[in-house]
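Novice: For reference, the file input.tsv (TSV, C-alpha atoms) is included below:
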chain	number	residue	atom	x	y	z
A	1	GLU	CA	-30.23	-14.10	32.91
A	2	ARG	CA	-32.72	-11.37	33.58
A	3	VAL	CA	-35.30	-9.55	31.47
A	4	ASP	CA	-36.12	-5.97	32.42
A	5	GLU	CA	-39.13	-4.45	30.69
A	6	ARG	CA	-38.90	-0.66	30.76
A	7	HIS	CA	-40.37	2.00	28.51
A	8	ARG	CA	-37.45	3.98	27.22
A	9	ASP	CA	-37.11	6.22	24.22
A	10	ALA	CA	-38.49	4.22	21.33
A	11	PRO	CA	-36.28	3.52	18.30
A	12	HIS	CA	-36.87	5.67	15.26
A	13	PRO	CA	-40.22	4.76	13.62
A	14	ARG	CA	-38.65	4.66	10.15
A	15	THR	CA	-36.49	1.68	11.08
A	16	ARG	CA	-36.35	-0.88	8.28
A	17	ARG	CA	-36.86	-4.43	9.58
A	18	THR	CA	-34.67	-6.18	7.04
A	19	MET	CA	-33.44	-8.72	9.60
A	20	PRO	CA	-34.35	-9.45	13.25
A	21	LEU	CA	-30.86	-8.61	14.60
A	22	ILE	CA	-30.67	-4.86	14.28
A	23	TYR	CA	-27.62	-3.47	16.06
A	24	ALA	CA	-24.53	-4.74	17.89
A	25	PHE	CA	-21.52	-3.27	19.64
A	26	VAL	CA	-18.43	-4.19	21.66
A	27	ALA	CA	-17.53	-1.90	24.56
A	28	ARG	CA	-14.91	-1.61	27.26
A	29	GLY	CA	-16.61	0.06	30.17
A	30	PRO	CA	-18.61	3.02	28.79
A	31	THR	CA	-16.42	3.20	25.66
A	32	VAL	CA	-17.86	1.64	22.51
A	33	LEU	CA	-14.97	0.14	20.54
A	34	ALA	CA	-16.84	-1.22	17.51
A	35	GLU	CA	-20.46	-1.26	16.35
A	36	HIS	CA	-22.56	-2.25	13.38
A	37	THR	CA	-26.11	-1.75	12.14
A	38	SER	CA	-27.73	-2.01	8.74
A	39	HIS	CA	-30.82	-0.13	9.95
A	40	SER	CA	-31.69	3.51	10.33
A	41	GLY	CA	-32.80	4.64	13.76
A	42	ASN	CA	-31.47	5.78	17.11
A	43	PHE	CA	-30.42	2.37	18.47
A	44	ALA	CA	-26.82	3.48	18.88
A	45	THR	CA	-27.90	6.52	20.90
A	46	ILE	CA	-30.16	4.49	23.20
A	47	ALA	CA	-27.49	1.81	23.64
A	48	ALA	CA	-24.84	4.43	24.53
A	49	GLU	CA	-27.18	6.10	27.03
A	50	THR	CA	-28.10	2.85	28.80
A	51	LEU	CA	-24.57	1.36	28.77
A	52	PRO	CA	-23.30	2.96	32.04
A	53	LYS	CA	-26.31	1.62	33.96
A	54	MET	CA	-25.96	-1.79	32.34
A	55	ILE	CA	-22.30	-1.98	33.42
A	56	ASP	CA	-23.41	-1.86	37.07
A	57	GLN	CA	-26.02	-4.55	36.37
A	58	LEU	CA	-23.52	-6.79	34.56
A	59	ALA	CA	-21.13	-6.62	37.50
A	60	SER	CA	-23.34	-9.14	39.29
A	61	GLN	CA	-25.10	-10.71	36.30
A	62	LYS	CA	-23.22	-11.77	33.16
A	63	LYS	CA	-26.28	-11.76	30.91
A	64	PHE	CA	-29.07	-9.22	30.93
A	65	THR	CA	-31.97	-8.27	28.66
A	66	LEU	CA	-33.69	-4.89	28.54
A	67	VAL	CA	-37.03	-4.73	26.68
A	68	ALA	CA	-38.09	-1.42	25.14
A	69	ASP	CA	-40.87	-0.79	22.61
A	70	GLY	CA	-40.86	-4.17	20.94
A	71	HIS	CA	-37.07	-4.60	20.97
A	72	THR	CA	-34.71	-6.53	23.21
A	73	PHE	CA	-31.37	-5.05	24.23
A	74	ASN	CA	-29.35	-8.18	25.07
A	75	TYR	CA	-26.14	-7.59	27.06
A	76	LEU	CA	-23.30	-10.01	27.70
A	77	GLU	CA	-20.23	-9.42	29.87
A	78	SER	CA	-17.12	-11.45	29.02
A	79	ASP	CA	-13.50	-10.96	30.05
A	80	GLY	CA	-14.07	-7.33	31.02
A	81	TYR	CA	-15.88	-6.35	27.80
A	82	VAL	CA	-19.57	-5.66	27.23
A	83	PHE	CA	-21.30	-7.05	24.13
A	84	LEU	CA	-24.74	-5.85	22.99
A	85	CYS	CA	-27.15	-7.19	20.41
A	86	VAL	CA	-30.47	-5.41	19.70
A	87	ALA	CA	-33.21	-7.59	18.20
A	88	ASP	CA	-36.92	-7.67	17.51
A	89	GLN	CA	-38.70	-8.87	20.62
A	90	ALA	CA	-40.51	-11.55	18.59
A	91	PHE	CA	-37.12	-13.05	17.70
A	92	GLY	CA	-36.72	-14.25	21.29
A	93	ARG	CA	-33.55	-14.26	23.37
A	94	GLN	CA	-31.75	-17.49	22.52
A	95	ALA	CA	-30.64	-16.40	19.04
A	96	PRO	CA	-29.35	-12.95	20.14
A	97	PHE	CA	-27.33	-14.49	22.97
A	98	ALA	CA	-26.02	-17.19	20.63
A	99	CYS	CA	-24.86	-14.38	18.36
A	100	LEU	CA	-23.25	-12.60	21.32
A	101	ASP	CA	-21.41	-15.78	22.36
A	102	LYS	CA	-19.93	-16.07	18.85
A	103	ILE	CA	-18.99	-12.38	18.80
A	104	ALA	CA	-17.37	-12.58	22.24
A	105	SER	CA	-15.38	-15.66	21.25
A	106	ASP	CA	-14.08	-14.07	18.05
A	107	PHE	CA	-13.29	-10.79	19.79
A	108	SER	CA	-11.38	-12.51	22.58
A	109	SER	CA	-9.21	-14.45	20.11
A	110	SER	CA	-8.54	-11.57	17.72
A	111	HIS	CA	-8.65	-8.35	19.78
A	112	GLY	CA	-8.84	-9.31	23.45
A	113	ALA	CA	-5.40	-8.09	24.52
A	114	ALA	CA	-4.98	-5.26	22.01
A	115	ALA	CA	-8.35	-3.72	22.89
A	116	ARG	CA	-7.36	-2.93	26.47
A	117	ASP	CA	-6.04	0.48	25.41
A	118	ALA	CA	-8.19	1.06	22.32
A	119	ILE	CA	-10.08	4.34	22.01
A	120	ALA	CA	-13.73	4.82	21.06
A	121	HIS	CA	-14.72	3.29	17.69
A	122	SER	CA	-11.09	2.55	16.84
A	123	LEU	CA	-11.93	-1.10	16.09
A	124	ASN	CA	-14.78	-0.36	13.68
A	125	ARG	CA	-12.70	-1.04	10.59
A	126	SER	CA	-11.38	-4.39	11.81
A	127	PHE	CA	-14.27	-5.78	13.86
A	128	ALA	CA	-17.47	-4.21	12.52
A	129	PRO	CA	-17.43	-6.67	9.56
A	130	VAL	CA	-17.25	-9.52	12.07
A	131	LEU	CA	-20.30	-8.11	13.87
A	132	ARG	CA	-22.17	-7.91	10.58
A	133	GLN	CA	-21.17	-11.45	9.61
A	134	HIS	CA	-22.46	-12.99	12.84
A	135	MET	CA	-25.64	-10.90	12.84
A	136	GLU	CA	-26.49	-11.92	9.26
A	137	TYR	CA	-25.73	-15.60	9.89
A	138	VAL	CA	-27.87	-15.82	13.03
A	139	SER	CA	-30.68	-13.79	11.44
A	140	HIS	CA	-30.84	-16.10	8.43
A	141	ASN	CA	-30.30	-19.34	10.38
A	142	SER	CA	-32.26	-18.69	13.54
A	143	GLY	CA	-33.85	-22.15	13.58
A	144	GLU	CA	-30.51	-23.93	13.48
A	145	VAL	CA	-29.03	-21.50	16.02
A	146	ASP	CA	-31.99	-22.02	18.36
A	147	LYS	CA	-31.51	-25.79	18.20
A	148	VAL	CA	-27.80	-25.46	18.93
A	149	SER	CA	-28.52	-23.03	21.77
A	150	LYS	CA	-31.08	-25.40	23.26
A	151	VAL	CA	-28.63	-28.29	23.07
A	152	GLN	CA	-25.90	-26.16	24.65
A	153	GLN	CA	-28.31	-25.04	27.34
A	154	GLN	CA	-29.27	-28.66	28.05
A	155	VAL	CA	-25.60	-29.63	28.17
A	156	SER	CA	-24.95	-26.76	30.59
A	157	GLU	CA	-27.88	-27.84	32.76
A	158	VAL	CA	-26.66	-31.45	32.78
A	159	LYS	CA	-23.15	-30.24	33.61
A	160	GLU	CA	-24.49	-28.15	36.51
A	161	ILE	CA	-26.48	-31.12	37.79
A	162	MET	CA	-23.42	-33.37	37.54
A	163	MET	CA	-21.24	-30.80	39.30
A	164	ASP	CA	-23.86	-30.44	42.02
A	165	ASN	CA	-24.02	-34.22	42.43
A	166	ILE	CA	-20.24	-34.46	42.53
A	167	GLU	CA	-20.12	-31.74	45.19
A	168	LYS	CA	-22.73	-33.61	47.22
A	169	VAL	CA	-20.77	-36.87	46.90
A	170	LEU	CA	-17.55	-35.12	47.89
A	171	ASP	CA	-19.31	-33.43	50.78
A	172	ARG	CA	-20.76	-36.79	51.85
A	173	GLY	CA	-17.29	-38.32	51.52
A	174	GLU	CA	-15.83	-35.61	53.74
A	175	LYS	CA	-18.52	-36.27	56.33
A	176	ILE	CA	-17.84	-40.02	56.17
A	177	GLU	CA	-14.11	-39.40	56.55
A	178	LEU	CA	-14.81	-37.10	59.48
A	179	LEU	CA	-17.01	-39.77	61.07
A	180	VAL	CA	-14.30	-42.40	60.51
A	181	ASP	CA	-11.72	-40.08	62.05
A	182	LYS	CA	-13.94	-39.54	65.07
A	183	THR	CA	-14.51	-43.30	65.36
A	184	GLU	CA	-10.79	-43.94	65.18
A	185	ASN	CA	-10.18	-41.28	67.84
A	186	LEU	CA	-12.80	-42.84	70.11
A	187	ARG	CA	-11.30	-46.28	69.56
A	188	PHE	CA	-7.84	-44.93	70.35
A	189	GLN	CA	-9.12	-43.24	73.49
A	190	ALA	CA	-10.88	-46.45	74.54
A	191	ASP	CA	-7.69	-48.48	74.02
A	192	ASN	CA	-5.74	-45.96	76.07
A	193	PHE	CA	-8.38	-46.12	78.79
A	194	HIS	CA	-8.19	-49.93	78.93
A	195	LYS	CA	-4.39	-49.86	79.00
A	196	THR	CA	-4.40	-47.25	81.73
A	197	GLY	CA	-7.00	-49.27	83.69
A	198	ARG	CA	-4.93	-52.45	83.47
A	199	ALA	CA	-1.79	-50.63	84.56
A	200	LEU	CA	-3.67	-49.04	87.47
A	201	ARG	CA	-5.07	-52.41	88.56
A	202	ARG	CA	-1.58	-53.96	88.51
A	203	ARG	CA	-0.21	-51.03	90.50
A	204	MET	CA	-2.97	-51.33	93.08
A	205	TRP	CA	-2.44	-55.12	93.31
A	206	TRP	CA	1.29	-54.66	93.99
A	207	GLN	CA	0.59	-51.97	96.55
A	208	ASN	CA	-1.96	-54.20	98.26
A	209	LEU	CA	0.50	-57.12	98.23
A	210	LYS	CA	3.21	-54.91	99.70
A	211	MET	CA	0.89	-53.78	102.48
A	212	LYS	CA	-0.02	-57.38	103.23
A	213	LEU	CA	3.65	-58.42	103.31
A	214	VAL	CA	4.53	-55.50	105.57
A	215	PHE	CA	1.63	-56.31	107.90
A	216	ALA	CA	2.56	-60.02	107.94
A	217	SER	CA	6.19	-59.17	108.66
A	218	PHE	CA	5.07	-56.85	111.46
A	219	VAL	CA	2.92	-59.61	113.00
A	220	VAL	CA	5.76	-62.13	112.73
A	221	ILE	CA	8.18	-59.73	114.40
A	222	VAL	CA	5.71	-58.97	117.22
A	223	ILE	CA	5.13	-62.67	117.77
A	224	LEU	CA	8.86	-63.32	117.76
A	225	ILE	CA	9.48	-60.53	120.25
A	226	LEU	CA	6.76	-61.81	122.58
A	227	PHE	CA	8.09	-65.34	122.28
A	228	LEU	CA	11.64	-64.31	123.05
A	229	SER	CA	10.52	-62.12	125.94
A	230	PHE	CA	8.52	-64.90	127.49
A	231	CYS	CA	11.08	-67.60	126.81
A	232	TYR	CA	14.14	-65.78	128.13
A	233	SER	CA	12.65	-63.73	130.91
A	234	ASN	CA	14.11	-64.03	134.47
A	235	GLY	CA	17.11	-66.02	133.26
A	236	ASN	CA	14.98	-68.79	131.95
A	237	ASP	CA	15.69	-70.57	128.76
A	238	CYS	CA	12.66	-72.40	127.45
A	239	THR	CA	14.69	-74.04	124.80
A	240	LYS	CA	16.61	-76.21	127.31
A	241	LYS	CA	15.23	-79.45	128.62
A	242	LYS	CA	14.48	-79.62	132.31
A	243	GLU	CA	16.74	-82.00	134.32
A	244	ASP	CA	15.12	-84.64	136.47
Show me, as structure tokens, the structure contained in the file I just sent.
Specialist:
Amino acid sequence: ERVDERHRDAPHPRTRRTMPLIYAFVARGPTVLAEHTSHSGNFATIAAETLPKMIDQLASQKKFTLVADGHTFNYLESDGYVFLCVADQAFGRQAPFACLDKIASDFSSSHGAAARDAIAHSLNRSFAPVLRQHMEYVSHNSGEVDKVSKVQQQVSEVKEIMMDNIEKVLDRGEKIELLVDKTENLRFQADNFHKTGRALRRRMWWQNLKMKLVFASFVVIVILILFLSFCYSNGNDCTKKKED
């Protein structure tokens, strides 16, 4: 939420301060569909003039407060509609936004779909009494509304903290899973390396054994050839016994 303090055209000085919530409307884009005020003054004119600029602001910020000459113009964007509640600045911001939340909820359930094609002020007859009802209730029960708003705000803060903690836990879990996956991959690669090393050692041992057998066979054959050459050379036969 943001508060913007600007000096704009002041509301009419003859405004009667019968209750702190002064004016409210529901709009679709720059088109005001329903409005209510029990005060005299130019609040409707100021609200209509500032609405186009507030639409751009509400595109990035769902709640926005404009302060002008002792009044707060409290804007809320919900489901494509803009809700405004003008209040005395001394009334604070929690009660006006609590009123806007109630108005937005009722409008969504009763007129949300039908209002997509509604023309300017065509919903005054059906929804202006609802605006008046919520404005009067919040104005006359501001203490209770403030307490409820504070509790809701605390619940929202706790929810945000819990969601943030859950996201951190999930993020930590993803990192742990990623680390486990990397560990498993390293273990798998190490097992493959050991298996490949053992297979290579066996292959080298067999090749070495084959070379030794070939070399031994070669030596045996050479020795046998030399023996036969020496033993049977010149018609001699060294295997026969000499006669006396």
Novice: Mind checking which residues fall within 10 Å of Met54 (chain A), counting all atoms listed in the file, ignoring those fewer than 3 positions away in the same chain, and posting them as an MDAnalysis selection string?
Specialist: chainID A and resid 29:30 47 49:51 57:59 61 64:66 75:77 82
Novice: CA of Ile119 (chain A) and CA of His36 (chain A), how far apart in Å?
Specialist: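 Here the two named atoms are 16.5 Å from each other.
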Novice: Between A:Ile166, A:Leu123, A:Ala95, A:Ala34, which one has atoms that come closest to His140 (chain A), using all atoms listed in the file?
Specialist: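 Residue with the minimum atom-to-atom distance to His140 (chain A): A:Ala95.
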Novice: Would you please work out which residue, of A:Val86, A:Ala27, A:Leu228, A:Cys99, is nearest to Ala118 (chain A) when using all atoms listed in the file?
Specialist: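 Smallest distance to Ala118 (chain A) is found for A:Ala27.
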